[in-house]
Amino acid sequence: MGDATLIRLEDVHFGYRSHAVFSGLTMDIPEGEITAIMGPSGTGKTTLLELVTGQRKADRGRVRIHDRDLGSLSRSELYRLRREMGLLFQDGALFSDLSVYENVAFPLREHTRLSNTLIHHLVLMKLEAVGLRGAASLHPSELSGGMARRVALARSIVLDPLMMFYDEPLVGLDPIAMGIILRLIVHLNQTLGITSVIVTHDVKEVLKIADHGYILSEGRVVARGRPSELAQSRDPWVRQFLDGSPDGPVPFNYPARDFAQDLFSAGVAT
Amino acid sequence: MRRVLKLLRPIPDFLAAIGRRAGFFWATCAAVPRTLRRPGTVVEQIFFVGSVSVILIGVGGLFVGLVLALQFYTALSRFGATSSLGGLVALALLRELGPVLTALLFAGRAGTSLASELGLMRATRQIDAMEVMAVDPMRRVVAPRFLAGVISMPLLAGIFSAMGILGAYLVGVKMMGLDSGVFWSSMQHEVSFRSDFVNGLIKSAVFGAACTLIAVYEGFHARPSAEGVGQATTRSVVISSMAILALDFILTSFMY
C-alpha cells in the first residue's frame, strides 16, 4: 500500500428512501495506486463512485479527498476538485449530438484556452491511445458499446486527471479491447501516477493489475488487501465471490418474505 | 373536515412545484452572464430552435392570414367597410394572433424537441457526465436554450405576422379585388409602431422565455426512462400552452 491516502470514507451512511445502501462504510484509497472495488451486483459500487465524485452526498459520515470533506465544499470548490478527476461511466455517457472528436475535445474546449491546433493534437493522441483515431469523425450512434466506452475513456483522460474512476470498464468488451483497456489503466497509473479506482465484478482480470482490493457486500467491506492476500483468503464469503461458485453465503436473491407465505397468501404481492 | 383537508391537499404540492420552477428560472438567469461569454453555444441553439420551426411558422402564418382575410372581408362587406381590411388583419396579427399562435406552434415543435432532448441527455447520463467534468449544465445546456427561445420567438412571430399579412393581401387584393393602395394605407393608418408592433414583440419574448423554460425544466428533471421522457415531453406542451394563454391575458390587460 502507498504511504499517503488520497480518498478516505469515514463511517459513511447512504440510502435511497427506505433502502440502506451503506451503513457505516469505511475505506481508504491510497494515492498513486490502482484500487479495485469488487462485489456482486447491487452492493452499491456505482453509488460509491457517485459519493466520491460528489454527485451524491452521504447521509452521515464523511468522504474526504486531499483531507477535505466533500460535503462541506461549495459548488465552485467541488467543480475545482472535479477538474482533477476523470470518471468512465458504465455506458460511456457520450454526448450524442457531438462527433467522437468533439466528445474528446469537449473538456479541453470548456476548461482551457488552447488553440485548435493543440486541441487537435491532444484529441488525436488520446484517441490513438484507445485505438480509435480512425473513428474521430463518427457519431456515438455509429459506435459499438465497447467502442463508445473507449471513446469515453479517451474523453475522461484528456485533461490528464490526478484521479481516475472506472465504473465497470470491462463489461461488454471483447478480449482484445479488454487487454488494451487494462494495459492503458496500468500505463496511466505508472507513467502519470494517476490514482485509479476500478469498480468491477470482473474479478480475475482486474486483480491482475490492481495493487489493492476491497470486496463489498450489503453495504460494508467484507475483505480488503493485496490481490495475493485476497486470493489466499479462506473466508467462505471471499472464496465464493472470487471462485464464482453458485453455492455459498453470498446472498443472491433480493430480500423478500418467506416463499411459502408468498405463494399461499390470498392477495398477490406486487 | 376530512373532505376539506382532502381538497386542500394538492395546494402545498402545487406551491412546491411553482417554487421549484421559480428556483430553476433564477438559476437559469444566474447562468446567463457566464453563457454569454461563449456566444457560440447560443447562436448554435438559435439556429437549431429557429430552423426546426421556421417553415411550420411561415406556412401557419400564411393560412391564418388567408382565413382571417376571408372572415373579415365577409363581415366588413356588410357595413361597406372592406377598405379597413388591411388594418384590421395587421392589428389582429401583430397584437394577438402572431405572438400567441407562434408560441403555441413553437411549444409543439421546438418545445417538445427541447424537452425530449434534455430528457434523453438525463436518461443517458450525459448531464451527469457534464457535471463530473466540472461543466455546469445550467450554463452549457439550459441557459443557451433559454436565450435561444427568448431571441428567436419574436423573430418567428415576425415571420408569422408577415406571412399572415401576405395571405390577407392575396385574399383581399388578388381574390376579392380590393385596391392594393387602400389595403396598405389602411394598415399604415391603423397600426402604431409603439403600441402594436413593439408590444407584440414584448409578448413574443415573454412567451419565448416561458415556453423554453418550461420545456428545459421538464426535460432536465425527466425521470431517466423512456416513459419519463415521454411524460416530460407531453407535460411541456400542456403546461406551455396553458402558460401562453394565461400570460397573454395578463400582458394584454397591462398593454392595451
# chains A, B, ... in the order shown; residues from 1 in each chain; ligands from 1

call {"tool": "residues_around", "arguments": {"residues": "region 220-233 of chain B", "least_positions_apart": "2", "cutoff": "7 Å", "atoms": "only C-alpha atoms", "output": "PyMOL selection string"}}
result
chain B and resi 112+115-116+118-120+122-123+216-218+235-237

call {"tool": "interface_residues", "arguments": {"of": "chain B", "to": "chain A", "cutoff": "6 Å", "atoms": "only C-alpha atoms", "output": "ChimeraX atom specification"}}
result
/B:124-126,134

call {"tool": "residues_around", "arguments": {"residues": "Val206 (chain A)", "least_positions_apart": "6", "cutoff": "8 Å", "atoms": "only C-alpha atoms", "output": "list of chain:residue names"}}
result
A:Ala36, A:Leu182, A:Ile198, A:Thr200

call {"tool": "write_last_selection", "arguments": {"atoms": "C-alpha atoms", "output": "compact mmCIF listing (two decimals), in the first residue's frame"}}
result
# COMPACT_ATOMS: atom_id res chain seq x y z
CA ALA A 36 -10.20 -2.48 -7.23
CA LEU A 182 -6.29 -2.86 -18.75
CA ILE A 198 -11.87 0.40 -10.58
CA THR A 200 -15.96 -4.09 -11.19

call {"tool": "residues_around", "arguments": {"residues": "region 186-194 of chain A", "least_positions_apart": "6", "cutoff": "7 Å", "atoms": "only C-alpha atoms", "output": "NGL selection string"}}
result
:A and (32-33 or 162-164 or 209)

call {"tool": "write_last_selection", "arguments": {"atoms": "N, CA and C atoms", "output": "short mmCIF file (atom, residue, chain, number, x, y, z; two decimals), in the first residue's frame"}}
result
data_model
loop_
_atom_site.label_atom_id
_atom_site.label_comp_id
_atom_site.auth_asym_id
_atom_site.auth_seq_id
_atom_site.Cartn_x
_atom_site.Cartn_y
_atom_site.Cartn_z
N GLY A 32 -1.85 7.18 -5.88
CA GLY A 32 -0.93 6.66 -6.90
C GLY A 32 -1.03 5.17 -7.14
N GLU A 33 -2.03 4.52 -6.58
CA GLU A 33 -2.16 3.07 -6.76
C GLU A 33 -3.46 2.73 -7.48
N LEU A 162 -5.77 13.64 -11.95
CA LEU A 162 -4.96 13.03 -10.89
C LEU A 162 -5.60 11.75 -10.39
N MET A 163 -6.92 11.70 -10.52
CA MET A 163 -7.65 10.50 -10.07
C MET A 163 -8.54 10.02 -11.20
N MET A 164 -8.55 8.72 -11.40
CA MET A 164 -9.45 8.16 -12.42
C MET A 164 -10.36 7.13 -11.75
N ILE A 209 -4.06 -6.53 -12.28
CA ILE A 209 -3.38 -5.23 -12.38
C ILE A 209 -3.51 -4.38 -11.12
#

call {"tool": "residues_around", "arguments": {"residues": "Thr74 (chain B)", "least_positions_apart": "6", "cutoff": "12 Å", "atoms": "only C-alpha atoms", "output": "compact mmCIF listing (two decimals) with C-alpha atoms, in the first residue's frame"}}
result
# COMPACT_ATOMS: atom_id res chain seq x y z
CA VAL B 67 -58.63 32.64 -43.32
CA LEU B 68 -58.61 35.90 -41.38
CA GLY B 80 -69.30 48.63 -46.60
CA ALA B 81 -66.05 48.87 -44.68
CA THR B 82 -63.85 46.49 -46.68
CA LEU B 85 -59.32 45.01 -44.15
CA VAL B 171 -57.28 37.12 -50.47
CA GLY B 172 -58.22 40.80 -50.18
CA MET B 176 -61.64 39.86 -53.77

call {"tool": "select_by_dssp", "arguments": {"residues": "region 26-222 of chain A", "states": "alpha helix (DSSP H)", "output": "ChimeraX atom specification"}}
result
/A:45-52,75-82,100-111,116-129,145-157,175-192,203-209

call {"tool": "atom_distance", "arguments": {"atom1": "CA of Ala30 (chain B)", "atom2": "CA of Cys211 (chain B)"}}
result
18.4 Å

call {"tool": "atom_distance", "arguments": {"atom1": "CA of Ala136 (chain A)", "atom2": "CA of Val171 (chain A)"}}
result
22.8 Å

call {"tool": "residues_around", "arguments": {"residues": "region 204-210 of chain B", "least_positions_apart": "6", "cutoff": "10 Å", "atoms": "only C-alpha atoms", "output": "PDB file with C-alpha atoms, in the first residue's frame"}}
result
ATOM      1  CA  PHE B  25     -35.747  30.175 -13.507  1.00  0.00           C
ATOM      2  CA  ARG B  95     -51.269  42.244 -31.276  1.00  0.00           C
ATOM      3  CA  GLU B  96     -52.625  38.750 -30.677  1.00  0.00           C
ATOM      4  CA  GLY B  98     -48.889  36.413 -34.271  1.00  0.00           C
ATOM      5  CA  PRO B  99     -47.376  36.124 -30.779  1.00  0.00           C
ATOM      6  CA  VAL B 100     -49.907  33.612 -29.394  1.00  0.00           C
ATOM      7  CA  LEU B 101     -50.142  31.189 -32.331  1.00  0.00           C
ATOM      8  CA  THR B 102     -46.385  31.335 -32.918  1.00  0.00           C
ATOM      9  CA  ALA B 103     -45.825  30.462 -29.272  1.00  0.00           C
ATOM     10  CA  LEU B 104     -48.325  27.587 -29.420  1.00  0.00           C
ATOM     11  CA  PHE B 106     -43.265  26.734 -31.059  1.00  0.00           C
ATOM     12  CA  ALA B 107     -44.324  24.824 -27.914  1.00  0.00           C
ATOM     13  CA  GLY B 111     -40.564  22.871 -27.084  1.00  0.00           C
ATOM     14  CA  ARG B 145     -31.528  27.116 -24.975  1.00  0.00           C
ATOM     15  CA  PHE B 146     -33.395  29.627 -22.821  1.00  0.00           C
ATOM     16  CA  LEU B 147     -31.688  32.571 -24.557  1.00  0.00           C
ATOM     17  CA  ALA B 148     -32.334  30.996 -27.947  1.00  0.00           C
ATOM     18  CA  GLY B 149     -36.051  30.806 -27.123  1.00  0.00           C
ATOM     19  CA  VAL B 150     -36.197  34.429 -25.937  1.00  0.00           C
ATOM     20  CA  ILE B 151     -34.372  35.689 -29.041  1.00  0.00           C
ATOM     21  CA  SER B 152     -35.935  33.501 -31.719  1.00  0.00           C
ATOM     22  CA  MET B 153     -39.597  33.743 -30.660  1.00  0.00           C
ATOM     23  CA  PRO B 154     -40.026  37.454 -31.623  1.00  0.00           C
ATOM     24  CA  LEU B 155     -38.282  36.719 -34.926  1.00  0.00           C
ATOM     25  CA  LEU B 156     -40.581  33.785 -35.595  1.00  0.00           C
ATOM     26  CA  ALA B 157     -43.641  35.831 -34.599  1.00  0.00           C
ATOM     27  CA  GLY B 158     -42.456  38.485 -37.062  1.00  0.00           C
ATOM     28  CA  VAL B 198     -43.309  46.715 -30.060  1.00  0.00           C
ATOM     29  CA  ILE B 239     -48.034  23.480 -19.375  1.00  0.00           C
ATOM     30  CA  SER B 240     -46.560  25.760 -22.070  1.00  0.00           C
ATOM     31  CA  SER B 241     -49.914  26.102 -23.844  1.00  0.00           C
ATOM     32  CA  ALA B 243     -48.927  29.380 -19.609  1.00  0.00           C
ATOM     33  CA  ILE B 244     -49.044  31.150 -23.004  1.00  0.00           C
ATOM     34  CA  LEU B 245     -52.797  31.744 -22.798  1.00  0.00           C
ATOM     35  CA  LEU B 247     -49.660  35.183 -19.817  1.00  0.00           C
ATOM     36  CA  ASP B 248     -51.406  36.575 -22.892  1.00  0.00           C
ATOM     37  CA  LEU B 251     -49.889  41.069 -20.708  1.00  0.00           C
TER      38      LEU B 251
END

call {"tool": "residues_around", "arguments": {"residues": "Leu132 (chain A)", "least_positions_apart": "3", "cutoff": "8 Å", "atoms": "only C-alpha atoms", "output": "number ranges by chain"}}
result
A: 127-129, 135-136, 147, 150-151

call {"tool": "select_by_dssp", "arguments": {"residues": "region 93-249 of chain A", "states": "strand (DSSP E)", "output": "PyMOL selection string"}}
result
chain A and resi 163-167+195-200+212-217+220-225

call {"tool": "atom_distance", "arguments": {"atom1": "CA of Ser192 (chain B)", "atom2": "CA of Gly87 (chain B)"}}
result
10.3 Å

call {"tool": "decode", "arguments": {"residues": "region 21-86 of chain A", "atoms": "C-alpha atoms", "output": "PDB file, in the first residue's frame"}}
result
ATOM      1  CA  VAL A  21     -27.025   1.087   0.613  1.00  0.00           C
ATOM      2  CA  PHE A  22     -24.184   1.857   3.027  1.00  0.00           C
ATOM      3  CA  SER A  23     -24.390   1.717   6.778  1.00  0.00           C
ATOM      4  CA  GLY A  24     -21.016   2.609   8.238  1.00  0.00           C
ATOM      5  CA  LEU A  25     -18.692   2.150   5.256  1.00  0.00           C
ATOM      6  CA  THR A  26     -15.059   2.974   5.987  1.00  0.00           C
ATOM      7  CA  MET A  27     -12.437   2.787   3.281  1.00  0.00           C
ATOM      8  CA  ASP A  28      -9.044   4.243   2.340  1.00  0.00           C
ATOM      9  CA  ILE A  29      -7.927   4.686  -1.270  1.00  0.00           C
ATOM     10  CA  PRO A  30      -4.142   5.040  -1.452  1.00  0.00           C
ATOM     11  CA  GLU A  31      -2.593   7.702  -3.654  1.00  0.00           C
ATOM     12  CA  GLY A  32      -0.926   6.661  -6.897  1.00  0.00           C
ATOM     13  CA  GLU A  33      -2.156   3.069  -6.765  1.00  0.00           C
ATOM     14  CA  ILE A  34      -4.788   1.003  -8.519  1.00  0.00           C
ATOM     15  CA  THR A  35      -7.577   0.026  -6.158  1.00  0.00           C
ATOM     16  CA  ALA A  36     -10.198  -2.480  -7.225  1.00  0.00           C
ATOM     17  CA  ILE A  37     -13.604  -2.343  -5.569  1.00  0.00           C
ATOM     18  CA  MET A  38     -15.447  -5.562  -6.164  1.00  0.00           C
ATOM     19  CA  GLY A  39     -18.714  -7.077  -5.135  1.00  0.00           C
ATOM     20  CA  PRO A  40     -21.844  -8.655  -6.517  1.00  0.00           C
ATOM     21  CA  SER A  41     -24.416  -6.581  -8.411  1.00  0.00           C
ATOM     22  CA  GLY A  42     -26.483  -4.290  -6.231  1.00  0.00           C
ATOM     23  CA  THR A  43     -23.905  -3.807  -3.478  1.00  0.00           C
ATOM     24  CA  GLY A  44     -23.611  -0.083  -4.159  1.00  0.00           C
ATOM     25  CA  LYS A  45     -20.369   0.014  -6.160  1.00  0.00           C
ATOM     26  CA  THR A  46     -21.643   2.656  -8.590  1.00  0.00           C
ATOM     27  CA  THR A  47     -23.216   4.589  -5.703  1.00  0.00           C
ATOM     28  CA  LEU A  48     -19.791   4.593  -4.068  1.00  0.00           C
ATOM     29  CA  LEU A  49     -18.319   6.318  -7.138  1.00  0.00           C
ATOM     30  CA  GLU A  50     -21.182   8.824  -7.097  1.00  0.00           C
ATOM     31  CA  LEU A  51     -20.355   9.655  -3.487  1.00  0.00           C
ATOM     32  CA  VAL A  52     -16.642  10.011  -4.184  1.00  0.00           C
ATOM     33  CA  THR A  53     -17.220  12.264  -7.207  1.00  0.00           C
ATOM     34  CA  GLY A  54     -19.682  14.427  -5.264  1.00  0.00           C
ATOM     35  CA  GLN A  55     -22.717  13.516  -7.371  1.00  0.00           C
ATOM     36  CA  ARG A  56     -24.436  12.391  -4.197  1.00  0.00           C
ATOM     37  CA  LYS A  57     -23.949  13.418  -0.595  1.00  0.00           C
ATOM     38  CA  ALA A  58     -23.582  10.948   2.242  1.00  0.00           C
ATOM     39  CA  ASP A  59     -26.498  10.931   4.701  1.00  0.00           C
ATOM     40  CA  ARG A  60     -23.976  10.545   7.528  1.00  0.00           C
ATOM     41  CA  GLY A  61     -20.217  10.244   7.748  1.00  0.00           C
ATOM     42  CA  ARG A  62     -17.547  11.879   5.622  1.00  0.00           C
ATOM     43  CA  VAL A  63     -15.995  11.437   2.212  1.00  0.00           C
ATOM     44  CA  ARG A  64     -12.585  13.111   2.210  1.00  0.00           C
ATOM     45  CA  ILE A  65     -10.342  13.840  -0.747  1.00  0.00           C
ATOM     46  CA  HIS A  66      -6.993  15.553  -0.101  1.00  0.00           C
ATOM     47  CA  ASP A  67      -8.231  15.670   3.523  1.00  0.00           C
ATOM     48  CA  ARG A  68     -11.152  17.901   2.515  1.00  0.00           C
ATOM     49  CA  ASP A  69     -14.689  16.836   3.311  1.00  0.00           C
ATOM     50  CA  LEU A  70     -16.707  16.759   0.072  1.00  0.00           C
ATOM     51  CA  GLY A  71     -19.911  17.508   1.978  1.00  0.00           C
ATOM     52  CA  SER A  72     -18.565  20.876   3.161  1.00  0.00           C
ATOM     53  CA  LEU A  73     -17.314  22.090  -0.236  1.00  0.00           C
ATOM     54  CA  SER A  74     -19.114  24.865  -2.079  1.00  0.00           C
ATOM     55  CA  ARG A  75     -20.241  24.209  -5.648  1.00  0.00           C
ATOM     56  CA  SER A  76     -17.286  26.092  -7.123  1.00  0.00           C
ATOM     57  CA  GLU A  77     -14.818  24.258  -4.840  1.00  0.00           C
ATOM     58  CA  LEU A  78     -16.363  20.941  -5.852  1.00  0.00           C
ATOM     59  CA  TYR A  79     -16.060  21.868  -9.534  1.00  0.00           C
ATOM     60  CA  ARG A  80     -12.392  22.822  -8.993  1.00  0.00           C
ATOM     61  CA  LEU A  81     -11.773  19.433  -7.380  1.00  0.00           C
ATOM     62  CA  ARG A  82     -13.597  17.643 -10.197  1.00  0.00           C
ATOM     63  CA  ARG A  83     -11.121  19.035 -12.700  1.00  0.00           C
ATOM     64  CA  GLU A  84      -8.623  16.644 -11.088  1.00  0.00           C
ATOM     65  CA  MET A  85     -10.991  13.716 -11.598  1.00  0.00           C
ATOM     66  CA  GLY A  86     -11.897  11.542 -14.537  1.00  0.00           C
TER      67      GLY A  86
END
